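Asker: Contents are CSV, C-alpha atoms and all ligand atoms; file name entry_20.csv:
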```
chain,number,residue,atom,x,y,z
A,209,MET,CA,40.0,0.4,-4.4
A,210,ASN,CA,37.6,0.9,-1.6
A,211,LYS,CA,34.3,-0.8,-2.0
A,212,ALA,CA,31.2,1.4,-2.3
A,213,ARG,CA,29.2,1.6,0.9
A,214,VAL,CA,25.5,0.7,1.1
A,215,TYR,CA,23.3,1.4,4.1
A,216,VAL,CA,20.1,-0.6,4.7
A,217,THR,CA,17.8,1.0,7.2
A,218,ARG,CA,16.2,-2.2,8.5
A,219,MET,CA,16.6,-5.9,8.1
A,220,ILE,CA,15.1,-7.1,4.8
A,221,PRO,CA,15.4,-10.8,3.6
A,222,GLU,CA,18.9,-12.2,4.2
A,223,GLU,CA,19.2,-13.1,0.5
A,224,SER,CA,19.2,-9.4,-0.4
A,225,ILE,CA,21.8,-8.5,2.2
A,226,ASN,CA,24.1,-11.4,1.1
A,227,GLU,CA,23.8,-10.3,-2.5
A,228,LEU,CA,24.7,-6.8,-1.6
A,229,ARG,CA,27.7,-8.0,0.5
A,230,LYS,CA,29.2,-9.7,-2.7
A,231,HIS,CA,29.6,-6.2,-4.2
A,232,PHE,CA,29.7,-3.6,-1.5
A,233,GLU,CA,30.5,-2.8,2.1
A,234,VAL,CA,27.1,-3.1,3.8
A,235,ASP,CA,25.8,-1.7,7.0
A,236,VAL,CA,22.4,-2.8,8.2
A,237,ASN,CA,20.2,-1.4,11.0
A,238,PHE,CA,19.6,-4.7,12.8
A,239,GLU,CA,17.4,-3.2,15.5
A,240,ASP,CA,13.9,-4.3,14.9
A,241,ARG,CA,12.5,-0.7,14.7
A,242,ALA,CA,12.3,2.1,12.3
A,243,LEU,CA,15.1,4.8,12.6
A,244,THR,CA,14.2,8.3,13.4
A,245,LYS,CA,15.1,10.9,10.8
A,246,ALA,CA,18.0,12.1,13.1
A,247,GLU,CA,19.3,8.6,13.4
A,248,LEU,CA,19.1,8.0,9.6
A,249,MET,CA,21.1,11.2,9.0
A,250,ILE,CA,23.9,10.0,11.2
A,251,LYS,CA,23.9,6.3,10.3
A,252,ALA,CA,23.7,6.7,6.5
A,253,LYS,CA,26.3,9.5,6.4
A,254,GLY,CA,29.0,8.9,3.8
A,255,CYS,CA,27.1,6.0,2.0
A,256,ASP,CA,26.9,5.7,-1.7
A,257,ALA,CA,23.5,4.0,-1.8
A,258,LEU,CA,20.7,3.2,0.6
A,259,ILE,CA,17.9,0.8,0.8
A,260,THR,CA,15.0,2.6,2.6
A,261,LEU,CA,11.6,1.6,3.8
A,262,ILE,CA,8.3,3.5,3.8
A,263,THR,CA,8.9,4.4,7.4
A,264,ASP,CA,12.0,6.4,6.4
A,265,THR,CA,11.6,10.0,5.4
A,266,VAL,CA,14.2,10.9,2.8
A,267,ASP,CA,14.1,14.7,2.1
A,268,GLY,CA,16.6,17.3,1.2
A,269,GLU,CA,17.9,17.6,4.7
A,270,VAL,CA,18.5,13.9,4.9
A,271,LEU,CA,20.2,13.7,1.5
A,272,ASP,CA,22.5,16.6,2.5
A,273,ALA,CA,23.4,14.9,5.7
A,274,ILE,CA,24.2,11.7,3.9
A,275,GLY,CA,26.5,13.6,1.5
A,276,ALA,CA,26.9,14.4,-2.2
A,277,GLN,CA,28.6,11.0,-2.9
A,278,CYS,CA,25.2,9.2,-2.5
A,279,LYS,CA,23.9,8.2,-5.9
A,280,VAL,CA,20.8,6.1,-5.3
A,281,VAL,CA,18.1,5.6,-2.8
A,282,ALA,CA,16.3,2.3,-3.5
A,283,ASN,CA,12.9,2.3,-1.7
A,284,TYR,CA,11.8,-1.2,-0.6
A,285,ALA,CA,8.2,-0.5,-1.7
A,286,VAL,CA,6.3,0.4,-4.8
A,287,GLY,CA,4.8,3.6,-3.1
A,288,PHE,CA,7.4,6.3,-2.6
A,289,ASN,CA,5.5,9.1,-0.8
A,290,ASN,CA,8.2,8.9,1.9
A,291,LEU,CA,10.8,10.2,-0.6
A,292,ASP,CA,11.1,13.9,-1.6
A,293,VAL,CA,11.4,13.5,-5.4
A,294,ALA,CA,12.0,17.2,-6.1
A,295,ALA,CA,14.9,17.3,-3.5
A,296,ALA,CA,16.4,14.2,-5.1
A,297,ILE,CA,16.2,15.6,-8.6
A,298,GLN,CA,17.8,18.8,-7.4
A,299,ARG,CA,20.7,16.9,-5.9
A,300,GLY,CA,21.0,14.4,-8.8
A,301,VAL,CA,20.1,11.4,-6.6
A,302,ILE,CA,18.4,8.5,-8.3
A,303,LEU,CA,15.3,7.1,-6.6
A,304,THR,CA,13.9,3.6,-7.3
A,305,ASN,CA,10.9,1.5,-6.1
A,306,THR,CA,9.7,-2.1,-6.5
A,307,PRO,CA,6.8,-2.1,-8.9
A,308,GLY,CA,5.1,-5.3,-10.2
A,309,VAL,CA,6.4,-8.0,-7.8
A,310,LEU,CA,3.9,-7.1,-5.1
A,311,ASP,CA,0.8,-6.9,-7.2
A,312,ASP,CA,-0.5,-10.4,-6.5
A,313,ALA,CA,0.2,-10.3,-2.8
A,314,THR,CA,-1.3,-6.8,-2.4
A,315,ALA,CA,-4.4,-7.4,-4.5
A,316,THR,CA,-5.0,-10.8,-2.8
A,317,HIS,CA,-4.8,-9.1,0.5
A,318,ALA,CA,-7.2,-6.3,-0.5
A,319,PHE,CA,-9.6,-8.9,-1.8
A,320,THR,CA,-9.2,-10.9,1.5
A,321,LEU,CA,-10.1,-7.7,3.5
A,322,LEU,CA,-13.1,-7.3,1.2
A,323,LEU,CA,-14.4,-10.8,1.7
A,324,ALA,CA,-13.6,-10.9,5.4
A,325,THR,CA,-15.4,-7.7,6.0
A,326,ALA,CA,-18.4,-8.7,3.9
A,327,ARG,CA,-18.7,-12.1,5.7
A,328,ARG,CA,-17.8,-10.8,9.2
A,329,ILE,CA,-15.1,-13.3,9.5
A,330,VAL,CA,-13.0,-11.6,12.3
A,331,GLU,CA,-16.1,-10.8,14.4
A,332,ALA,CA,-17.4,-14.4,14.0
A,333,ASP,CA,-14.0,-15.9,14.8
A,334,LYS,CA,-13.9,-13.8,18.0
A,335,TYR,CA,-17.4,-14.9,18.9
A,336,VAL,CA,-16.4,-18.6,18.8
A,337,ARG,CA,-13.1,-18.0,20.7
A,338,ASP,CA,-14.9,-16.0,23.4
A,339,GLY,CA,-17.1,-19.2,24.0
A,340,LYS,CA,-20.3,-17.4,23.0
A,341,TRP,CA,-21.4,-19.8,20.4
A,342,LYS,CA,-24.4,-21.9,21.5
A,343,GLY,CA,-25.4,-23.5,18.2
A,344,TRP,CA,-26.5,-22.8,14.6
A,345,ALA,CA,-29.0,-20.0,14.2
A,346,PRO,CA,-30.7,-18.7,11.1
A,347,MET,CA,-30.2,-15.0,11.6
A,348,PHE,CA,-26.7,-15.2,12.9
A,349,PHE,CA,-23.8,-13.0,11.5
A,350,ILE,CA,-25.7,-12.1,8.4
A,351,GLY,CA,-23.2,-10.6,5.9
A,352,MET,CA,-23.1,-9.1,2.5
A,353,ASP,CA,-23.2,-10.9,-0.9
A,354,VAL,CA,-20.1,-10.4,-3.0
A,355,ASP,CA,-21.0,-12.3,-6.2
A,356,ARG,CA,-22.4,-10.2,-9.0
A,357,ARG,CA,-22.1,-7.0,-6.9
A,358,THR,CA,-20.4,-3.8,-8.1
A,359,LEU,CA,-16.7,-3.4,-7.3
A,360,GLY,CA,-15.4,0.1,-7.5
A,361,ILE,CA,-11.7,0.5,-8.0
A,362,ALA,CA,-10.0,3.9,-7.4
A,363,GLY,CA,-6.7,3.7,-9.2
A,364,MET,CA,-6.7,1.1,-12.0
A,365,GLY,CA,-3.0,0.7,-12.1
A,366,ARG,CA,-0.9,-2.5,-11.6
A,367,ILE,CA,-2.6,-3.5,-8.3
A,368,GLY,CA,-6.1,-2.1,-9.2
A,369,SER,CA,-6.2,-4.2,-12.4
A,370,ASN,CA,-4.9,-7.3,-10.6
A,371,ILE,CA,-7.8,-7.1,-8.1
A,372,ALA,CA,-10.2,-6.5,-11.0
A,373,ARG,CA,-9.0,-9.8,-12.6
A,374,LYS,CA,-9.6,-11.6,-9.3
A,375,ALA,CA,-13.1,-10.0,-9.0
A,376,LYS,CA,-14.1,-11.4,-12.3
A,377,SER,CA,-14.2,-14.9,-10.8
A,378,PHE,CA,-17.0,-13.6,-8.6
A,379,ASP,CA,-18.8,-12.2,-11.6
A,380,MET,CA,-18.5,-8.7,-10.2
A,381,LYS,CA,-19.4,-5.7,-12.2
A,382,ILE,CA,-16.3,-3.6,-12.3
A,383,ILE,CA,-16.3,0.2,-12.4
A,384,TYR,CA,-13.2,2.4,-11.9
A,385,ALA,CA,-12.0,6.0,-11.6
A,386,ASP,CA,-8.5,7.0,-12.4
A,387,ALA,CA,-6.6,10.0,-13.6
A,388,ARG,CA,-6.3,8.2,-16.9
A,389,ARG,CA,-8.2,5.4,-18.7
A,390,ASN,CA,-7.0,1.9,-18.8
A,391,PRO,CA,-8.2,0.5,-22.2
A,392,GLN,CA,-6.7,-2.9,-21.4
A,393,VAL,CA,-9.0,-3.6,-18.4
A,394,GLU,CA,-11.9,-2.2,-20.3
A,395,LYS,CA,-11.3,-4.6,-23.2
A,396,GLU,CA,-10.1,-7.6,-21.2
A,397,LEU,CA,-12.6,-7.4,-18.2
A,398,GLY,CA,-15.4,-5.2,-19.4
A,399,ALA,CA,-14.5,-2.6,-16.7
A,400,THR,CA,-16.3,0.7,-17.0
A,401,TYR,CA,-14.5,4.0,-16.6
A,402,VAL,CA,-16.6,6.4,-14.4
A,403,ASP,CA,-16.2,9.7,-12.7
A,404,LYS,CA,-15.5,9.7,-9.0
A,405,GLU,CA,-19.0,10.6,-8.0
A,406,THR,CA,-20.4,7.6,-9.9
A,407,LEU,CA,-17.8,5.4,-8.4
A,408,LEU,CA,-18.8,6.5,-4.9
A,409,LYS,CA,-22.6,6.2,-5.6
A,410,GLU,CA,-22.6,2.9,-7.4
A,411,SER,CA,-20.0,0.7,-5.6
A,412,ASP,CA,-21.1,-2.0,-3.3
A,413,PHE,CA,-17.4,-2.5,-2.5
A,414,LEU,CA,-14.9,0.3,-3.0
A,415,THR,CA,-11.2,-0.5,-3.0
A,416,LEU,CA,-8.5,2.1,-3.1
A,417,HIS,CA,-5.3,1.7,-5.1
A,418,VAL,CA,-4.1,5.3,-5.8
A,419,PRO,CA,-0.7,6.4,-4.8
A,420,LEU,CA,-0.5,9.0,-1.9
A,421,MET,CA,0.3,12.4,-3.3
A,422,PRO,CA,-1.2,15.9,-2.7
A,423,GLU,CA,-4.1,15.1,-5.2
A,424,THR,CA,-5.1,11.9,-3.4
A,425,PHE,CA,-4.7,13.1,0.2
A,426,HIS,CA,-8.2,12.5,1.8
A,427,TYR,CA,-9.5,11.2,-1.5
A,428,ILE,CA,-12.2,9.7,0.7
A,429,GLY,CA,-13.5,12.2,3.2
A,430,GLU,CA,-16.8,13.2,4.8
A,431,LYS,CA,-18.4,14.3,1.5
A,432,GLU,CA,-17.4,11.2,-0.3
A,433,LEU,CA,-18.5,8.8,2.5
A,434,GLN,CA,-21.9,10.5,2.4
A,435,MET,CA,-22.2,9.7,-1.3
A,436,MET,CA,-21.6,6.0,-0.7
A,437,LYS,CA,-24.3,3.4,-0.3
A,438,LYS,CA,-25.3,2.6,3.3
A,439,THR,CA,-24.6,-1.1,2.4
A,440,ALA,CA,-21.1,-0.3,1.0
A,441,VAL,CA,-17.8,-1.7,2.2
A,442,LEU,CA,-14.6,0.4,1.9
A,443,VAL,CA,-11.2,-1.3,1.6
A,444,ASN,CA,-8.0,0.6,1.9
A,445,ALA,CA,-4.7,-1.1,1.1
A,446,SER,CA,-3.1,1.9,-0.5
A,447,ARG,CA,-1.8,4.5,2.0
A,448,GLY,CA,-3.5,5.7,5.2
A,449,PRO,CA,-3.8,9.4,4.4
A,450,VAL,CA,-5.8,8.6,1.2
A,451,VAL,CA,-8.8,8.3,3.7
A,452,ASP,CA,-9.8,10.9,6.3
A,453,GLU,CA,-9.7,8.5,9.2
A,454,LYS,CA,-11.8,10.7,11.5
A,455,ALA,CA,-14.5,11.0,8.8
A,456,LEU,CA,-14.4,7.3,8.3
A,457,LEU,CA,-14.8,6.6,12.0
A,458,LYS,CA,-17.9,8.8,12.1
A,459,ALA,CA,-19.4,7.2,9.0
A,460,LEU,CA,-18.9,3.8,10.4
A,461,GLN,CA,-20.3,4.7,13.9
A,462,GLU,CA,-23.3,6.3,12.3
A,463,LYS,CA,-23.7,3.4,9.8
A,464,GLN,CA,-23.3,5.8,6.9
A,465,ILE,CA,-21.5,2.8,5.3
A,466,TRP,CA,-21.7,-0.8,6.2
A,467,GLY,CA,-18.1,-1.7,6.9
A,468,ALA,CA,-14.4,-1.2,6.2
A,469,GLY,CA,-11.3,-3.4,5.8
A,470,LEU,CA,-8.2,-1.4,6.5
A,471,ASP,CA,-4.6,-2.3,6.0
A,472,VAL,CA,-3.2,1.2,6.3
A,473,PHE,CA,-3.8,4.2,8.7
A,474,GLU,CA,-3.2,7.9,8.7
A,475,ASN,CA,-0.7,8.0,11.5
A,476,GLU,CA,0.8,4.5,11.6
A,477,PRO,CA,1.3,2.7,13.9
A,478,GLU,CA,-1.5,4.6,15.7
A,479,VAL,CA,-5.0,3.6,14.9
A,480,LEU,CA,-7.7,6.2,15.6
A,481,ALA,CA,-9.3,5.4,19.0
A,482,GLY,CA,-12.8,4.2,18.3
A,483,LEU,CA,-12.1,2.2,15.1
A,484,THR,CA,-11.0,-0.9,17.1
A,485,ALA,CA,-14.2,-0.7,19.1
A,486,LEU,CA,-16.3,-1.3,16.1
A,487,ASP,CA,-17.4,-4.7,14.9
A,488,ASN,CA,-17.9,-3.6,11.3
A,489,VAL,CA,-14.2,-2.8,10.8
A,490,ILE,CA,-11.2,-5.1,10.2
A,491,VAL,CA,-7.8,-3.6,11.0
A,492,VAL,CA,-4.5,-5.2,10.1
A,493,PRO,CA,-1.0,-3.7,10.4
A,494,HIS,CA,0.0,-2.7,6.9
A,495,ILE,CA,0.8,-6.2,5.7
A,496,ALA,CA,-0.5,-6.2,2.1
A,497,SER,CA,2.8,-7.2,0.5
A,498,ALA,CA,3.9,-9.4,3.4
A,499,THR,CA,4.5,-12.8,1.8
A,500,SER,CA,8.0,-14.4,1.8
A,501,GLU,CA,8.3,-14.6,-2.0
A,502,THR,CA,7.1,-11.1,-2.5
A,503,ARG,CA,9.5,-9.6,0.0
A,504,ILE,CA,12.4,-11.6,-1.5
A,505,ASN,CA,11.5,-10.3,-5.0
A,506,MET,CA,11.2,-6.7,-3.7
A,507,GLY,CA,14.7,-7.2,-2.3
A,508,LYS,CA,16.0,-8.4,-5.6
A,509,ILE,CA,14.8,-5.3,-7.4
A,510,ALA,CA,16.2,-3.0,-4.8
A,511,VAL,CA,19.6,-4.7,-4.9
A,512,ASN,CA,19.7,-4.9,-8.6
A,513,ASN,CA,18.9,-1.2,-8.9
A,514,ILE,CA,21.8,-0.4,-6.6
A,515,ILE,CA,24.2,-2.7,-8.5
A,516,LYS,CA,23.3,-1.0,-11.7
A,517,VAL,CA,23.5,2.6,-10.6
A,518,LEU,CA,26.9,2.1,-8.8
A,519,SER,CA,28.3,0.4,-11.9
A,520,GLY,CA,27.2,3.4,-14.0
A,521,GLN,CA,24.1,1.9,-15.6
A,522,SER,CA,20.5,3.0,-15.4
A,523,PRO,CA,18.3,1.2,-12.8
A,524,GLU,CA,15.3,-0.9,-13.9
A,525,THR,CA,12.7,1.0,-11.9
A,526,CYS,CA,13.5,4.7,-11.5
A,527,VAL,CA,10.9,7.0,-10.1
A,528,ASN,CA,12.7,10.2,-11.0
A,529,PRO,CA,14.0,9.6,-14.6
A,530,GLU,CA,14.8,13.3,-14.9
A,531,VAL,CA,18.1,12.6,-13.0
A,532,LEU,CA,19.1,10.0,-15.6
A,533,LYS,CA,18.9,12.6,-18.4
A,534,LYS,CA,21.3,15.0,-16.7
A,601,LIG,N1,-0.6,-1.6,1.7
A,601,LIG,C1,0.5,-2.0,1.2
A,601,LIG,O1,1.3,-2.6,1.8
A,601,LIG,C2,0.8,-1.6,-0.2
A,601,LIG,C3,1.5,-2.5,-1.1
A,601,LIG,C4,1.8,-2.1,-2.4
A,601,LIG,C5,1.3,-0.9,-2.8
A,601,LIG,N2,0.6,0.0,-2.0
A,601,LIG,C6,0.1,1.3,-2.5
A,601,LIG,O2,-0.6,1.0,-3.7
A,601,LIG,C7,-0.3,2.1,-4.6
A,601,LIG,C8,-0.6,1.7,-6.0
A,601,LIG,O3,0.4,0.8,-6.5
A,601,LIG,P1,0.4,0.4,-8.0
A,601,LIG,O4,1.7,-0.4,-8.2
A,601,LIG,O5,-0.9,-0.2,-8.4
A,601,LIG,O6,0.6,1.8,-8.7
A,601,LIG,P2,0.3,2.2,-10.2
A,601,LIG,O7,1.1,3.5,-10.5
A,601,LIG,O8,0.4,1.1,-11.1
A,601,LIG,O9,-1.3,2.6,-10.1
A,601,LIG,C9,-1.8,3.7,-9.5
A,601,LIG,C10,-3.0,4.2,-10.3
A,601,LIG,O10,-3.5,5.4,-9.7
A,601,LIG,C11,-3.8,6.3,-10.7
A,601,LIG,N3,-3.9,7.7,-10.1
A,601,LIG,C12,-2.8,8.5,-9.8
A,601,LIG,N4,-3.3,9.6,-9.4
A,601,LIG,C13,-4.6,9.6,-9.3
A,601,LIG,C14,-5.7,10.5,-8.9
A,601,LIG,N5,-5.4,11.7,-8.5
A,601,LIG,N6,-6.9,10.1,-9.1
A,601,LIG,C15,-7.2,8.9,-9.6
A,601,LIG,N7,-6.3,8.0,-9.9
A,601,LIG,C16,-5.0,8.3,-9.8
A,601,LIG,C17,-2.7,6.2,-11.7
A,601,LIG,O11,-3.1,6.7,-13.0
A,601,LIG,C18,-2.6,4.7,-11.7
A,601,LIG,O12,-3.4,4.0,-12.7
A,601,LIG,C19,1.1,2.5,-4.3
A,601,LIG,O13,1.4,3.8,-4.6
A,601,LIG,C20,1.3,2.2,-2.8
A,601,LIG,O14,1.1,3.4,-2.1
A,601,LIG,C21,0.3,-0.4,-0.7
```
What would the structure in this file look like if it were written as structure tokens?

Answerer:
Amino acid sequence: MNKARVYVTRMIPEESINELRKHFEVDVNFEDRALTKAELMIKAKGCDALITLITDTVDGEVLDAIGAQCKVVANYAVGFNNLDVAAAIQRGVILTNTPGVLDDATATHAFTLLLATARRIVEADKYVRDGKWKGWAPMFFIGMDVDRRTLGIAGMGRIGSNIARKAKSFDMKIIYADARRNPQVEKELGATYVDKETLLKESDFLTLHVPLMPETFHYIGEKELQMMKKTAVLVNASRGPVVDEKALLKALQEKQIWGAGLDVFENEPEVLAGLTALDNVIVVPHIASATSETRINMGKIAVNNIIKVLSGQSPETCVNPEVLKK
């Protein structure tokens, strides 16, 4: 019997590809770049399963081009805003993601951005490298205190609650807004559930961990930035379009807020002209989950989901369970 065919849209850890090869015929896009939608439609045509990345758009048109034999699309990410869930349900295609294994890496990264922005680490590093340092000075690179300040978390899910635990070691007061309450973090960490307006007004540091969906598009825009403290720092390691980047640039230029640490951008890989000219912003290229162990573990989940689905079982981490009930 012919082996099932799996298409992987870009190189992921070798361990994952080797594991897939034990079970399936595997094609990988070895070019070190994201495929265009048109290329994906051609290259994945006829495959039974796919591993996709957040840079791949998988909508009804793509699923139709791949063919009705395709049973599962395993997204190599926890966020799945690149997948058209309704189109997949309509076609009976199972979609999966990689929750949990990237919480530590992503929360650590968001906290790193928070600390580095507060203490002006990148700006100070550049100063030394540029040969400008002439000696210790008392009023030099004055930053923001983190200890005992208020940390606002938008989206107290897996990653949000992980960062809240880390913040406790800085004795931070934790407030959060979410579509639903998280009684565990309230009990365990003394986190306080607040409405969005209170979150914006009271946070010294505001970190975003909501998924990107229509309700969270531009969750932070001009109106929200105006409600924030002039001394506040915004951290975004969720998805770029959760923040209105133009409004953020204006707020930073006009010192409406104090600084921002950004892992993600509205039109990646483009970064809005102007942001990189500012000293009070740290910009990094969407690397929140980029540690070797995390990436290997993300691969394990994606591969395991494909093995399960193609052997007639339910995957561990399905994002459209409606399809399993059919
Ligand atoms: N930058 C990166 O590399 C990176 C890495 C991992 C995850 N992420 C992003 O982080 C997001 C969160 O991941 P997670 O595993 O913590 O997800 P999660 O589902 O555990 O948590 C998301 C939280 O947001 C809340 N939420 C949903 N809609 C909301 C709304 N409209 N208003 C307020 N709260 C709302 C949910 O109730 C939930 O508590 C992912 O969707 C992904 O986009 C980014």

Asker: So, counting all atoms listed in the file, which residue among A:Gln434, A:Ser446, A:Ser224, A:Asn290 is closest to ligand LIG 601 (chain A)?

Answerer: A:Ser446

Asker: Quick one, how far is atom CA of Met347 of chain A from atom CA of Val443 of chain A?

Answerer: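 Computing the Euclidean distance for atom CA of Met347 of chain A and atom CA of Val443 of chain A yields 25.5 Å.
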
Asker: From the options A:Glu405, A:Glu430, A:Glu476, A:Asp386, which residue's atoms come nearest to ligand LIG 601 (chain A), counting only C-alpha atoms and all ligand atoms?

Answerer: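 Closest to ligand LIG 601 (chain A), using only C-alpha atoms and all ligand atoms: A:Asp386.
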
Asker: Taking all atoms listed in the file into account, which of A:Thr406, A:Thr320, A:Thr265, A:Thr424 comes nearest ligand LIG 601 (chain A)?

Answerer: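 Comparing A:Thr406, A:Thr320, A:Thr265, A:Thr424 against ligand LIG 601 (chain A), the winner is A:Thr424.
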
Asker: What separation in Å, quoted to one decimal, exists between atom CA of Met506 of chain A and atom CA of Ala285 of chain A?

Answerer: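 Interatomic distance, atom CA of Met506 of chain A to atom CA of Ala285 of chain A: 7.2 Å.
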
Asker: For the contact check between chain A and ligand LIG 601 (chain A), emit one row per residue of chain A within 7 Å, containing the shortest atom pair and the distance in Å rounded to one decimal, counting all atoms listed in the file, chain then rising number order, as CSV.

Answerer:
```
residue,atom,partner,partner_atom,distance
A:Ala285,CA,A:LIG601,C4,6.6
A:Val286,CA,A:LIG601,C5,5.5
A:Gly287,CA,A:LIG601,O13,3.7
A:Phe288,CA,A:LIG601,O13,6.8
A:Pro307,CA,A:LIG601,O4,5.4
A:Gly308,CA,A:LIG601,O4,6.3
A:Leu310,CA,A:LIG601,C4,6.1
A:Asp311,CA,A:LIG601,O4,6.6
A:Thr314,CA,A:LIG601,C3,5.3
A:Ala362,CA,A:LIG601,N7,6.1
A:Gly363,CA,A:LIG601,O10,3.7
A:Met364,CA,A:LIG601,O12,4.4
A:Gly365,CA,A:LIG601,O9,3.2
A:Arg366,CA,A:LIG601,O8,3.9
A:Ile367,CA,A:LIG601,O5,3.7
A:Gly368,CA,A:LIG601,O5,5.6
A:Ala385,CA,A:LIG601,C15,6.0
A:Asp386,CA,A:LIG601,N7,3.5
A:Ala387,CA,A:LIG601,C15,4.2
A:Arg388,CA,A:LIG601,O11,5.3
A:His417,CA,A:LIG601,C8,4.8
A:Val418,CA,A:LIG601,O10,3.9
A:Pro419,CA,A:LIG601,O13,3.3
A:Leu420,CA,A:LIG601,O14,5.8
A:Glu423,CA,A:LIG601,N5,4.9
A:Thr424,CA,A:LIG601,N5,5.1
A:Ala445,CA,A:LIG601,N1,4.2
A:Ser446,CA,A:LIG601,C6,3.8
A:Arg447,CA,A:LIG601,O14,5.1
A:Asp471,CA,A:LIG601,N1,5.9
A:Val472,CA,A:LIG601,N1,6.0
A:His494,CA,A:LIG601,O1,5.3
A:Ile495,CA,A:LIG601,O1,5.3
A:Ala496,CA,A:LIG601,O1,4.0
A:Ser497,CA,A:LIG601,O1,5.0
```

Asker: Excluding same-chain residues fewer than 5 positions from Ala257 of chain A, what lies within 12 Å of it counting only C-alpha atoms, as a ChimeraX atom specification?

Answerer: /A:211-217,228,232-235,252,271,274-283,301-304,510-519

Asker: Rounded to one decimal place, report the atom CA of Asn488 of chain A-atom CA of Ser411 of chain A distance in Å.

Answerer: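 That distance, rounded to one decimal, is 17.6 Å.
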
Asker: Segment 449-459 of chain A: which residues within 6 Å, counting only C-alpha atoms, same-chain residues fewer than 2 positions away excluded, as a PyMOL selection string?

Answerer: chain A and resi 424-430+447+461-464+474
